[in-house]
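One file, my_file-v7.txt, is given below (compact mmCIF, N, CA and C atoms).
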# COMPACT_ATOMS: atom_id res chain seq x y z
N MET A 1 66.27 117.08 -87.93
CA MET A 1 66.66 117.39 -86.59
C MET A 1 67.05 116.10 -85.88
N ARG A 2 68.27 116.03 -85.40
CA ARG A 2 68.73 114.84 -84.68
C ARG A 2 68.34 114.94 -83.21
N ASN A 3 67.98 113.82 -82.66
CA ASN A 3 67.66 113.76 -81.24
C ASN A 3 68.89 113.22 -80.52
N ILE A 4 69.75 114.11 -80.06
CA ILE A 4 71.01 113.72 -79.42
C ILE A 4 70.75 112.88 -78.18
N GLY A 5 69.70 113.23 -77.41
CA GLY A 5 69.37 112.44 -76.22
C GLY A 5 69.13 110.99 -76.57
N TYR A 6 68.37 110.77 -77.62
CA TYR A 6 68.10 109.40 -78.05
C TYR A 6 69.38 108.72 -78.51
N LEU A 7 70.18 109.45 -79.25
CA LEU A 7 71.40 108.87 -79.80
C LEU A 7 72.42 108.51 -78.72
N THR A 8 72.39 109.24 -77.61
CA THR A 8 73.38 108.99 -76.56
C THR A 8 72.80 108.24 -75.36
N SER A 9 71.53 107.87 -75.41
CA SER A 9 70.94 107.14 -74.28
C SER A 9 71.39 105.69 -74.27
N LYS A 10 71.19 105.06 -73.14
CA LYS A 10 71.61 103.68 -72.96
C LYS A 10 70.60 102.75 -73.63
N HIS A 11 70.92 102.24 -74.78
CA HIS A 11 70.02 101.32 -75.48
C HIS A 11 70.57 99.92 -75.40
N ASN A 12 70.16 99.23 -74.38
CA ASN A 12 70.52 97.83 -74.25
C ASN A 12 69.44 97.14 -73.43
N LYS A 13 69.56 95.85 -73.26
CA LYS A 13 68.52 95.10 -72.57
C LYS A 13 68.39 95.47 -71.10
N LYS A 14 69.42 96.05 -70.51
CA LYS A 14 69.38 96.41 -69.10
C LYS A 14 68.80 97.81 -68.87
N SER A 15 68.59 98.57 -69.90
CA SER A 15 68.13 99.96 -69.76
C SER A 15 66.78 100.16 -70.44
N ASP A 16 65.97 100.99 -69.83
CA ASP A 16 64.70 101.36 -70.44
C ASP A 16 64.68 102.85 -70.80
N GLU A 17 65.85 103.46 -70.88
CA GLU A 17 65.94 104.88 -71.18
C GLU A 17 65.49 105.16 -72.61
N ALA A 18 64.66 106.17 -72.74
CA ALA A 18 64.23 106.67 -74.05
C ALA A 18 63.97 108.16 -73.87
N TYR A 19 64.26 108.95 -74.87
CA TYR A 19 64.11 110.38 -74.77
C TYR A 19 63.11 110.90 -75.79
N THR A 20 62.16 111.69 -75.32
CA THR A 20 61.18 112.30 -76.19
C THR A 20 61.83 113.50 -76.88
N PRO A 21 61.76 113.56 -78.21
CA PRO A 21 62.36 114.69 -78.91
C PRO A 21 61.51 115.97 -78.76
N LYS A 22 62.16 117.12 -78.94
CA LYS A 22 61.48 118.41 -78.79
C LYS A 22 60.26 118.53 -79.70
N TYR A 23 60.35 118.00 -80.91
CA TYR A 23 59.22 118.13 -81.83
C TYR A 23 57.98 117.39 -81.33
N ALA A 24 58.16 116.42 -80.45
CA ALA A 24 57.02 115.70 -79.88
C ALA A 24 56.46 116.39 -78.63
N VAL A 25 57.26 117.23 -77.99
CA VAL A 25 56.81 117.98 -76.81
C VAL A 25 56.06 119.23 -77.23
N LYS A 26 56.50 119.86 -78.28
CA LYS A 26 55.96 121.16 -78.71
C LYS A 26 54.43 121.17 -78.85
N PRO A 27 53.78 120.18 -79.47
CA PRO A 27 52.32 120.23 -79.62
C PRO A 27 51.56 120.16 -78.29
N ILE A 28 52.18 119.63 -77.26
CA ILE A 28 51.53 119.50 -75.96
C ILE A 28 51.45 120.84 -75.24
N LEU A 29 52.39 121.73 -75.50
CA LEU A 29 52.50 122.98 -74.76
C LEU A 29 51.24 123.84 -74.82
N GLU A 30 50.52 123.81 -75.91
CA GLU A 30 49.32 124.65 -76.01
C GLU A 30 48.22 124.23 -75.03
N PHE A 31 48.32 123.03 -74.50
CA PHE A 31 47.33 122.53 -73.56
C PHE A 31 47.75 122.66 -72.09
N VAL A 32 48.94 123.21 -71.87
CA VAL A 32 49.48 123.34 -70.51
C VAL A 32 49.49 124.82 -70.11
N PRO A 33 48.63 125.21 -69.16
CA PRO A 33 48.65 126.60 -68.71
C PRO A 33 50.03 126.98 -68.16
N LYS A 34 50.47 128.20 -68.48
CA LYS A 34 51.82 128.63 -68.12
C LYS A 34 52.04 128.77 -66.62
N ASN A 35 50.99 128.92 -65.84
CA ASN A 35 51.17 129.10 -64.40
C ASN A 35 51.15 127.78 -63.64
N TRP A 36 51.01 126.67 -64.32
CA TRP A 36 50.97 125.36 -63.66
C TRP A 36 52.35 124.91 -63.20
N ILE A 37 52.35 124.18 -62.08
CA ILE A 37 53.55 123.49 -61.63
C ILE A 37 53.47 122.07 -62.20
N ILE A 38 54.50 121.67 -62.91
CA ILE A 38 54.50 120.37 -63.59
C ILE A 38 55.56 119.47 -62.96
N TRP A 39 55.19 118.24 -62.68
CA TRP A 39 56.14 117.22 -62.21
C TRP A 39 56.44 116.29 -63.36
N CYS A 40 57.71 116.18 -63.70
CA CYS A 40 58.20 115.22 -64.70
C CYS A 40 58.94 114.13 -63.92
N PRO A 41 58.26 113.03 -63.57
CA PRO A 41 58.82 112.06 -62.64
C PRO A 41 59.91 111.14 -63.19
N PHE A 42 60.13 111.17 -64.49
CA PHE A 42 61.12 110.27 -65.09
C PHE A 42 62.18 111.03 -65.88
N ASP A 43 62.44 112.28 -65.48
CA ASP A 43 63.27 113.16 -66.28
C ASP A 43 64.44 113.74 -65.50
N THR A 44 65.46 114.14 -66.25
CA THR A 44 66.58 114.89 -65.70
C THR A 44 66.48 116.32 -66.24
N GLU A 45 67.40 117.16 -65.81
CA GLU A 45 67.41 118.55 -66.31
C GLU A 45 67.67 118.63 -67.80
N LYS A 46 68.16 117.56 -68.40
CA LYS A 46 68.46 117.54 -69.84
C LYS A 46 67.26 117.16 -70.70
N SER A 47 66.17 116.78 -70.08
CA SER A 47 64.97 116.33 -70.78
C SER A 47 64.35 117.44 -71.62
N ALA A 48 63.86 117.10 -72.80
CA ALA A 48 63.15 118.07 -73.64
C ALA A 48 61.89 118.55 -72.92
N PHE A 49 61.21 117.67 -72.20
CA PHE A 49 60.03 118.08 -71.43
C PHE A 49 60.40 119.15 -70.42
N VAL A 50 61.43 118.92 -69.64
CA VAL A 50 61.85 119.86 -68.60
C VAL A 50 62.26 121.20 -69.23
N LYS A 51 63.10 121.15 -70.23
CA LYS A 51 63.58 122.38 -70.87
C LYS A 51 62.45 123.18 -71.51
N MET A 52 61.59 122.50 -72.26
CA MET A 52 60.55 123.22 -73.01
C MET A 52 59.43 123.71 -72.11
N LEU A 53 59.07 122.95 -71.08
CA LEU A 53 58.05 123.42 -70.14
C LEU A 53 58.56 124.63 -69.36
N ALA A 54 59.82 124.61 -68.95
CA ALA A 54 60.40 125.76 -68.24
C ALA A 54 60.43 126.98 -69.15
N LYS A 55 60.82 126.79 -70.39
CA LYS A 55 60.85 127.89 -71.37
C LYS A 55 59.43 128.42 -71.63
N HIS A 56 58.46 127.54 -71.55
CA HIS A 56 57.04 127.87 -71.74
C HIS A 56 56.52 128.74 -70.60
N GLY A 57 57.22 128.72 -69.46
CA GLY A 57 56.82 129.54 -68.33
C GLY A 57 56.34 128.75 -67.12
N ASN A 58 56.47 127.45 -67.19
CA ASN A 58 56.05 126.59 -66.08
C ASN A 58 57.15 126.40 -65.06
N LYS A 59 56.76 126.19 -63.80
CA LYS A 59 57.70 125.72 -62.80
C LYS A 59 57.72 124.20 -62.99
N VAL A 60 58.91 123.63 -63.16
CA VAL A 60 59.03 122.20 -63.44
C VAL A 60 59.82 121.52 -62.34
N ILE A 61 59.24 120.47 -61.80
CA ILE A 61 59.92 119.61 -60.82
C ILE A 61 60.27 118.34 -61.57
N PHE A 62 61.51 117.92 -61.50
CA PHE A 62 61.88 116.69 -62.19
C PHE A 62 62.59 115.75 -61.23
N THR A 63 62.34 114.47 -61.41
CA THR A 63 62.99 113.44 -60.62
C THR A 63 63.37 112.30 -61.56
N HIS A 64 64.39 111.55 -61.18
CA HIS A 64 64.87 110.47 -62.04
C HIS A 64 65.52 109.38 -61.20
N LYS A 65 65.38 108.17 -61.63
CA LYS A 65 65.94 107.03 -60.89
C LYS A 65 67.46 107.12 -60.76
N ASP A 66 68.15 107.70 -61.73
CA ASP A 66 69.60 107.83 -61.65
C ASP A 66 70.04 108.79 -60.55
N SER A 67 69.11 109.60 -60.06
CA SER A 67 69.39 110.52 -58.95
C SER A 67 68.95 109.91 -57.62
N GLY A 68 68.59 108.63 -57.67
CA GLY A 68 68.17 107.94 -56.46
C GLY A 68 66.71 108.14 -56.11
N GLN A 69 65.95 108.72 -57.01
CA GLN A 69 64.54 108.98 -56.77
C GLN A 69 63.71 107.88 -57.45
N ASP A 70 62.83 107.27 -56.69
CA ASP A 70 62.00 106.18 -57.19
C ASP A 70 60.56 106.68 -57.30
N PHE A 71 60.04 106.72 -58.50
CA PHE A 71 58.68 107.21 -58.73
C PHE A 71 57.66 106.51 -57.83
N PHE A 72 57.82 105.21 -57.64
CA PHE A 72 56.86 104.45 -56.86
C PHE A 72 56.99 104.67 -55.36
N GLN A 73 58.08 105.27 -54.93
CA GLN A 73 58.28 105.57 -53.51
C GLN A 73 58.10 107.05 -53.19
N GLU A 74 57.96 107.87 -54.21
CA GLU A 74 57.84 109.32 -54.00
C GLU A 74 56.52 109.67 -53.32
N ARG A 75 56.57 110.65 -52.46
CA ARG A 75 55.37 111.18 -51.83
C ARG A 75 54.68 112.12 -52.81
N GLU A 76 53.47 112.45 -52.50
CA GLU A 76 52.75 113.41 -53.33
C GLU A 76 53.54 114.71 -53.41
N ARG A 77 53.54 115.30 -54.55
CA ARG A 77 54.23 116.57 -54.76
C ARG A 77 53.22 117.66 -55.08
N GLU A 78 53.55 118.89 -54.68
CA GLU A 78 52.70 120.01 -55.04
C GLU A 78 52.82 120.22 -56.54
N ARG A 79 51.69 120.10 -57.22
CA ARG A 79 51.72 120.26 -58.68
C ARG A 79 50.30 120.36 -59.20
N GLU A 80 50.17 120.87 -60.41
CA GLU A 80 48.89 120.88 -61.10
C GLU A 80 48.77 119.69 -62.03
N SER A 81 49.91 119.19 -62.49
CA SER A 81 49.88 118.07 -63.45
C SER A 81 51.18 117.28 -63.39
N THR A 82 51.09 116.03 -63.80
CA THR A 82 52.26 115.17 -63.98
C THR A 82 52.34 114.85 -65.45
N ILE A 83 53.50 115.06 -66.04
CA ILE A 83 53.70 114.75 -67.46
C ILE A 83 54.85 113.78 -67.56
N ALA A 84 54.59 112.63 -68.16
CA ALA A 84 55.61 111.60 -68.27
C ALA A 84 55.65 111.05 -69.69

Can you dump the structure from the file as structure tokens?
Amino acid sequence: MRNIGYLTSKHNKKSDEAYTPKYAVKPILEFVPKNWIIWCPFDTEKSAFVKMLAKHGNKVIFTHKDSGQDFFQERERERESTIA
């Protein structure tokens, strides 16, 4: 299984982008109750975390620096857990 996100991410000294593959997210799902609201503070809608948690039945809030959102400046969000 190829991780297209990883293959197309910005891999250079100026970027810290890295993408978690779906096979690494899948084992975590059994520990996340389906009714929880999850905040993924370093993700876009294309993230495997965002896609798989939503498919799992969770409400997922995602934020990313490329959208002008800074994790260190964000206010508290309504959520049961943060997954990064």

Work out how far apart atom N of Lys65 in chain A and CA of Phe31 in chain A are and give it in Å to one decimal.
26.0 Å

Atom-to-atom span, CA of Phe71 in chain A and CA of Ala84 in chain A, Å:
10.9 Å

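Here CA of Thr63 in chain A stands at a distance of 8.0 Å from CA of Trp39 in chain A.
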
Could you work out an axis-aligned bounding box for all listed atoms of range 36-52 of chain A, with 6 Å added on each of the six sides, and give its centre and edge lengths in Å to one decimal, as JSON?
{"center_x": 59.7, "center_y": 118.5, "center_z": -67.6, "size_x": 29.5, "size_y": 28.4, "size_z": 24.0}

Neighbourhood query: residues within 7 Å of (50.6, 128.8, -67.1), file coordinates, counting only N, CA and C atoms; return as a JSON list (two decimals) with N, CA and C atoms, in the frame of the given file.
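result-v6.json, freshly written:
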[["chain", "number", "residue", "atom", "x", "y", "z"],
["A", 32, "VAL", "N", 48.94, 123.21, -71.87],
["A", 32, "VAL", "CA", 49.48, 123.34, -70.51],
["A", 32, "VAL", "C", 49.49, 124.82, -70.11],
["A", 33, "PRO", "N", 48.63, 125.21, -69.16],
["A", 33, "PRO", "CA", 48.65, 126.60, -68.71],
["A", 33, "PRO", "C", 50.03, 126.98, -68.16],
["A", 34, "LYS", "N", 50.47, 128.20, -68.48],
["A", 34, "LYS", "CA", 51.82, 128.63, -68.12],
["A", 34, "LYS", "C", 52.04, 128.77, -66.62],
["A", 35, "ASN", "N", 50.99, 128.92, -65.84],
["A", 35, "ASN", "CA", 51.17, 129.10, -64.40],
["A", 35, "ASN", "C", 51.15, 127.78, -63.64],
["A", 36, "TRP", "N", 51.01, 126.67, -64.32],
["A", 36, "TRP", "CA", 50.97, 125.36, -63.66],
["A", 36, "TRP", "C", 52.35, 124.91, -63.20],
["A", 56, "HIS", "N", 58.46, 127.54, -71.55],
["A", 56, "HIS", "CA", 57.04, 127.87, -71.74],
["A", 56, "HIS", "C", 56.52, 128.74, -70.60],
["A", 57, "GLY", "N", 57.22, 128.72, -69.46],
["A", 57, "GLY", "CA", 56.82, 129.54, -68.33],
["A", 57, "GLY", "C", 56.34, 128.75, -67.12],
["A", 58, "ASN", "N", 56.47, 127.45, -67.19],
["A", 58, "ASN", "CA", 56.05, 126.59, -66.08],
["A", 58, "ASN", "C", 57.15, 126.40, -65.06]]

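Counting all atoms listed in the file, the residue from A:Ile38, A:Glu74, A:Pro21, A:Asp43 that sits nearest to Lys59 in chain A is A:Ile38.
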
Close residues, Lys22 in chain A itself excluded, 7 Å, only N, CA and C atoms, min 4 positions apart in chain, as a VMD selection string
chain A and resid 3 26 to 27 48 to 49

Would you output that residue set with N, CA and C atoms, as a compact mmCIF listing (two decimals), in the coordinates of the input?
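Saved as part-v9.txt:
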# COMPACT_ATOMS: atom_id res chain seq x y z
N ASN A 3 67.98 113.82 -82.66
CA ASN A 3 67.66 113.76 -81.24
C ASN A 3 68.89 113.22 -80.52
N LYS A 26 56.50 119.86 -78.28
CA LYS A 26 55.96 121.16 -78.71
C LYS A 26 54.43 121.17 -78.85
N PRO A 27 53.78 120.18 -79.47
CA PRO A 27 52.32 120.23 -79.62
C PRO A 27 51.56 120.16 -78.29
N ALA A 48 63.86 117.10 -72.80
CA ALA A 48 63.15 118.07 -73.64
C ALA A 48 61.89 118.55 -72.92
N PHE A 49 61.21 117.67 -72.20
CA PHE A 49 60.03 118.08 -71.43
C PHE A 49 60.40 119.15 -70.42

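Residue neighbourhood of Val60 in chain A, excluding near-sequence residues (fewer than 4 positions): Trp36, Ile37, Ile38, Trp39, Cys40, Val50, Lys51, Leu53, Ala54 and Arg79 of chain A, at 9 Å, using only C-alpha atoms.
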
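Distances to Gln69 in chain A were evaluated for A:Met52, A:Pro41, A:Ser81, A:Tyr23 using only C-alpha atoms, and the minimum falls at A:Pro41.
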
Where in range 11-82 of chain A does DSSP assign strand (DSSP E or B), given as a VMD selection string?
chain A and resid 37 to 40 59 to 62 81 to 82
